Amino acid sequence: MKRKKKKQPVLPAETPAEEAQSFTLEDIIQEFGSGEQAQADPALQTPVPRHMTEDRENLRYRPDMDDLPERQLPSETGSFPPDTPVEAPVEEPAAPDILAASHNTKAPDASDPTAPSPVKALPQEKPRRHKADNASPFPTGGKQPVFHQQPTRPSFPTHQVRQATAEVRQTPSPAKNKPPKPRRTIVTPEAQFRQAQKRQGSRNIRLVLCILFALGNLVLGFFHSQGMLAQYPRQALLVLAQLVLLALCALSAAGVIADGLRQLLRPGFGFNTLVTINVLVSLADGVLAAQAPRCTYCPLVCLLLVCALWGMQLQSKSICAAMDPARRTSGETALVQEPNLFQKTAGVLRGSGSLTEFLQANNTVAGPQKFANGFSLLAAVAAPILAGLTCGGKTDTFLQYWAAMLLAGTPLLGSVTWFRPWAILNRRLQERGASVYGWAGACRLRGKIAVPIGDNDLFPRENLKLNGVKYYGDFHPDRVVGYGYALISATGCSLAPLFQELMEARGGRRYALTQFRRYESGGVGGEIGADSVLAGSLRFMQSMGVDMPAGTRVGQAVYVAINGTLAGVFAIHYGVTRSAAESLGALAASRGVTPVIVAGDFLISESFIRSKFRVNTSRIKIPPLSVRAELAQRKPSASAKPCVLLRDGRFSAVALAVAGARALCTAVRWGTLVNGIGSVMGLIIMGVLANLAAGNMMSMVNLGLYLLIWSVPSLLLSGWPRNV
């Protein structure tokens with residue numbers, strides 16, 4: 001008897017083009033086994049409620065495959081494993097209509113004995129829960145969501161489902177990933193140069209205006225404090241005039257005030273922040289002083305603003321001078337520090353650098369700057385505390401003491417001490433196409449350091465000339481010139497181009513040199529065919545027993561001997577440039593620097609350098625020729641750190657960078673230390689005077705003299721790089 005087909009609602013598909021898949025009871029039995037096997041399978045004993053056959057909403061959660069009970073599949077023969085218990089078949093009613101009506105084919109007839117037994121639907125009951133379901137793996141606060149079962153046929157094995165679920169679990173959630181920190185953008189050298197140049201032009205005008213206002217305020221304050229204007233009936237107007245001049249001076253030095261406030265917002269504290277606090281406290285003190293009336297410290301604050309604006313002007317000049325060589329080159333050539341270069345001493349070599357590292361080094365806060373910011377913060381915190389302890393509870397006295405202690409604790413040349421040495425050194429290096437890698441690069445050139453000096457450093461090719469040639473013996477001149485060129489070119493010195501030009505002018509030939517040797521007495525030798533050839537100085541030829549005819553004693557000449565007989569004398573003129581002499585003298589005069597001669601020219605000796613360059617050779621090292629050749633071929637290792645950016649690697653730039661960086665470190669360190677000592681002593685002195693109620697000793701003139709006295713050593717030290 002055929003069953004009537006009952007219309008069922010069409011299941012929602014993922015796409016409009018898809019239709020819900022349907023299957024027959026026979027397909028289910030073939031997939032899950034016979035009725036006996038279905039009864040033994042716990043996964044088939046759980047009824048499927050009708051309300052779970054439709055998925056009318058988007059499925060937001062998927063069940064954990066590890067928590068579901070695993071169904072045992074039949075083997076290829078259609079039977080379960082031997083250890084699986086099988087129950088007797090039980091007569092069950094027909095399957096639910098939803099299973100029969102979900103396919104267009106007819107259901108098997110029950111009267112047919114060959115038909116498989118139908119699956120009997122069990123009474124509806126609550127689905128069994130696994131023990132592990134109590135620990136919910138879903139982020140829903142422990143409440144298990146309802147999952148709608150799809151009446152579709154499994155299209156892939158269970159182990160693939162578990163593997164895919166594990167991969168999903170291992171994938172991190174995008175919400176948990178922290179957003180990457182934004183990288184700090186580095187401004188290019190060209191942009192930094194243009195910005196500093198633009199600021200430099202505007203600050204020149206501001207500095208002139210600030211100086212004019214400060215001078216007027218200083219003159220007015222000096223006359224007022226010395227009683228020269230005591231007959232003037234309106235003393236309050238004199239104080240108000242000082243306040244107006246201070247306000248105009250602060251307006252001219254607006255960059256200092258803005259930089260001080262910007263340092264507080266970073267957050268941080270700097271010297272310009274301390275100057276800004278001085279301006280605010282002095283203005284507040286001047287308002288109360290106009291009511292007394294009494295003298296104020298506004299003129300000294302104007303002088304402090306002038307020095308701070310001068311420091312920012314020097315900063316712009318320093319940036320322009322440092323970025324100009326960097327914008328003209330790729331930054332790949334640099335002077336690097338090589339550890340253990342000569343006699344267990346670190347040295348410098350021409351190597352490779354990085355423009356990015358150069359920019360980062362120049363934008364990093366240095367140690368002396370941190371120290372200066374530290375005692376600036378100390379002065380800003382200690383001044384109001386000392387003023388509050390000694391003012392006796394009076395507001396006008398508190399502001400007066402606070403302003404005086406702040407000025408005493410603020411070095412007059414605080415910013416100039418740092419920026420003036422940099423401006424001087426960078427300006428000199430700019431002319432030679434070099435720039436230091438910030439404070440880190442300057443510190444790498446401190447201590448004991450060796451500086452190799454080659455042939456081209458002392459005597460470039462354009463400074464060498466051939467004064468004359470004289471041939472001896474029965475040797476052909478072309479042969480003598482060819483033999484001499486073969487030996488000189490093997491040394492790699494700057495004399496090789498001279499012999500090459502002479503050989504090409506005579507149309508000579510090149511000879512193959514074998515068994516090349518270096519002699520410590522000042523010469524070289526080798527074998528050319530069957531001939532033994534020597535080339536060296538006059539002293540070398542005499543030591544080798546070569547017969548020297550009369551009239552051949554030339555000091556600056558190359559002697560060539562073939563088979564123990566003098567064959568030719570080549571007189572050389574060594575021209576000394578001013579830059580080479582100054583550079584060698586600067587290195588020889590710098591303490592801790594050891595100039596090492598690595599020139600392959602055997603004529604260069606200690607007496608030769610002393611007579612040519614007029615320098616003290618006691619600190620100059622001239623190793624043997626074999627050691628010179630090894631040092632000349634030395635390449636920077638992986639541990640070498642860049643110190644100076646070079647454009648063309650001239651010897652004058654290398655020498656000035658090494659000597660200037662050492663002078664820079666000395667000037668900055670000692671200048672910052674002097675400022676710190678003066679700041680602390682000023683706070684102590686003003687605190688003692690305030691405690692003794694000696695207000696007359698805390699006058700503007702006395703405090704101004706104190707600031708000027710401590711600024712003299714700082715000013716002298718800041719110009720130290722100029723003396724290199």
# chains A, B, ... in the order shown; residues from 1 in each chain; ligands from 1

call {"tool": "closest_atom_pairs", "arguments": {"of": "region 468-554 of chain A", "to": "region 601-615 of chain A", "cutoff": "12 Å", "atoms": "only C-alpha atoms", "output": "Markdown table"}}
result
| residue | atom | partner | partner_atom | distance |
| --- | --- | --- | --- | --- |
| A:Leu487 | CA | A:Asp601 | CA | 11.4 |
| A:Ile488 | CA | A:Asp601 | CA | 8.6 |
| A:Ser489 | CA | A:Asp601 | CA | 10.5 |
| A:Ala490 | CA | A:Asp601 | CA | 10.9 |
| A:Thr491 | CA | A:Asp601 | CA | 7.4 |
| A:Gly492 | CA | A:Asp601 | CA | 8.2 |
| A:Cys493 | CA | A:Asp601 | CA | 5.3 |
| A:Ser494 | CA | A:Asp601 | CA | 7.2 |
| A:Leu495 | CA | A:Asp601 | CA | 7.3 |
| A:Ala496 | CA | A:Asp601 | CA | 9.7 |
| A:Arg518 | CA | A:Phe602 | CA | 9.3 |
| A:Tyr519 | CA | A:Phe602 | CA | 9.1 |
| A:Glu520 | CA | A:Phe602 | CA | 8.8 |
| A:Ser521 | CA | A:Phe602 | CA | 8.6 |
| A:Gly522 | CA | A:Phe602 | CA | 5.0 |
| A:Gly523 | CA | A:Phe602 | CA | 5.8 |
| A:Val524 | CA | A:Phe602 | CA | 8.1 |
| A:Gly525 | CA | A:Phe602 | CA | 11.8 |
| A:Ala535 | CA | A:Phe602 | CA | 9.3 |
| A:Gly536 | CA | A:Phe602 | CA | 6.7 |
| A:Ser537 | CA | A:Leu603 | CA | 6.2 |
| A:Leu538 | CA | A:Leu603 | CA | 9.3 |
| A:Arg539 | CA | A:Leu603 | CA | 9.9 |
| A:Phe540 | CA | A:Phe602 | CA | 9.5 |
| A:Val554 | CA | A:Leu603 | CA | 11.8 |

call {"tool": "residues_around", "arguments": {"residues": "Pro636 (chain A)", "least_positions_apart": "3", "cutoff": "9 Å", "atoms": "only C-alpha atoms", "output": "PyMOL selection string"}}
result
chain A and resi 336-338+348-352+639-640

call {"tool": "write_last_selection", "arguments": {"atoms": "all heavy atoms", "output": "mmCIF file, in the first residue's frame"}}
result
data_model
loop_
_atom_site.group_PDB
_atom_site.id
_atom_site.type_symbol
_atom_site.label_atom_id
_atom_site.label_comp_id
_atom_site.auth_asym_id
_atom_site.auth_seq_id
_atom_site.Cartn_x
_atom_site.Cartn_y
_atom_site.Cartn_z
ATOM 1 N N VAL A 336 84.183 53.595 10.548
ATOM 2 C CA VAL A 336 83.699 52.636 11.544
ATOM 3 C C VAL A 336 84.794 52.362 12.568
ATOM 4 O O VAL A 336 85.991 52.512 12.298
ATOM 5 C CB VAL A 336 83.248 51.320 10.875
ATOM 6 C CG1 VAL A 336 82.120 51.572 9.908
ATOM 7 C CG2 VAL A 336 84.407 50.648 10.161
ATOM 8 N N GLN A 337 84.351 51.973 13.745
ATOM 9 C CA GLN A 337 85.271 51.599 14.821
ATOM 10 C C GLN A 337 85.496 50.092 14.783
ATOM 11 O O GLN A 337 84.559 49.304 14.917
ATOM 12 C CB GLN A 337 84.711 52.017 16.184
ATOM 13 C CG GLN A 337 85.628 51.668 17.342
ATOM 14 C CD GLN A 337 84.888 51.605 18.666
ATOM 15 O OE1 GLN A 337 83.707 51.261 18.681
ATOM 16 N NE2 GLN A 337 85.558 51.908 19.754
ATOM 17 N N GLU A 338 86.743 49.699 14.590
ATOM 18 C CA GLU A 338 87.113 48.292 14.526
ATOM 19 C C GLU A 338 87.843 47.909 15.810
ATOM 20 O O GLU A 338 88.884 48.475 16.151
ATOM 21 C CB GLU A 338 88.030 48.036 13.325
ATOM 22 C CG GLU A 338 88.533 46.618 13.200
ATOM 23 C CD GLU A 338 87.440 45.624 12.907
ATOM 24 O OE1 GLU A 338 86.388 46.040 12.367
ATOM 25 O OE2 GLU A 338 87.619 44.435 13.212
ATOM 26 N N VAL A 348 90.022 52.881 13.678
ATOM 27 C CA VAL A 348 88.986 53.296 12.742
ATOM 28 C C VAL A 348 89.390 52.867 11.338
ATOM 29 O O VAL A 348 90.564 52.886 10.976
ATOM 30 C CB VAL A 348 88.759 54.820 12.796
ATOM 31 C CG1 VAL A 348 88.160 55.215 14.123
ATOM 32 C CG2 VAL A 348 90.054 55.582 12.554
ATOM 33 N N LEU A 349 88.386 52.464 10.559
ATOM 34 C CA LEU A 349 88.578 52.059 9.173
ATOM 35 C C LEU A 349 87.456 52.657 8.331
ATOM 36 O O LEU A 349 86.372 52.972 8.846
ATOM 37 C CB LEU A 349 88.573 50.530 9.036
ATOM 38 C CG LEU A 349 89.717 49.759 9.703
ATOM 39 C CD1 LEU A 349 89.467 48.259 9.597
ATOM 40 C CD2 LEU A 349 91.051 50.115 9.071
ATOM 41 N N ARG A 350 87.709 52.776 7.081
ATOM 42 C CA ARG A 350 86.671 53.210 6.151
ATOM 43 C C ARG A 350 85.825 51.998 5.786
ATOM 44 O O ARG A 350 86.321 51.042 5.197
ATOM 45 C CB ARG A 350 87.295 53.837 4.910
ATOM 46 C CG ARG A 350 88.027 55.156 5.175
ATOM 47 C CD ARG A 350 88.730 55.637 3.928
ATOM 48 N NE ARG A 350 89.400 56.910 4.118
ATOM 49 C CZ ARG A 350 90.627 57.062 4.616
ATOM 50 N NH1 ARG A 350 91.321 55.994 4.980
ATOM 51 N NH2 ARG A 350 91.153 58.263 4.748
ATOM 52 N N GLY A 351 84.562 52.055 6.152
ATOM 53 C CA GLY A 351 83.668 50.924 5.909
ATOM 54 C C GLY A 351 82.323 51.408 5.390
ATOM 55 O O GLY A 351 82.199 52.446 4.748
ATOM 56 N N SER A 352 81.307 50.622 5.686
ATOM 57 C CA SER A 352 79.948 50.907 5.217
ATOM 58 C C SER A 352 79.084 51.354 6.382
ATOM 59 O O SER A 352 79.295 50.960 7.532
ATOM 60 C CB SER A 352 79.328 49.665 4.559
ATOM 61 O OG SER A 352 79.279 48.601 5.483
ATOM 62 N N SER A 639 81.507 43.225 13.647
ATOM 63 C CA SER A 639 81.308 43.936 14.909
ATOM 64 C C SER A 639 81.673 45.410 14.832
ATOM 65 O O SER A 639 81.585 46.114 15.838
ATOM 66 C CB SER A 639 82.143 43.273 16.008
ATOM 67 O OG SER A 639 83.525 43.274 15.661
ATOM 68 N N ALA A 640 82.105 45.904 13.678
ATOM 69 C CA ALA A 640 82.471 47.312 13.528
ATOM 70 C C ALA A 640 81.216 48.178 13.576
ATOM 71 O O ALA A 640 80.189 47.839 12.986
ATOM 72 C CB ALA A 640 83.229 47.525 12.225
#

call {"tool": "closest_residue", "arguments": {"among": "A:Leu425, A:Ile528, A:Met681, A:Val560", "to": "Ala659 (chain A)", "atoms": "only C-alpha atoms"}}
result
A:Leu425

call {"tool": "residues_around", "arguments": {"residues": "Gln200 (chain A)", "least_positions_apart": "4", "cutoff": "7 Å", "atoms": "only C-alpha atoms", "output": "count of residues only"}}
result
5

call {"tool": "residues_around", "arguments": {"residues": "Leu207 (chain A)", "least_positions_apart": "2", "cutoff": "12 Å", "atoms": "only C-alpha atoms", "output": "ChimeraX atom specification"}}
result
/A:199-205,209-214,249-256,302-303,305-314
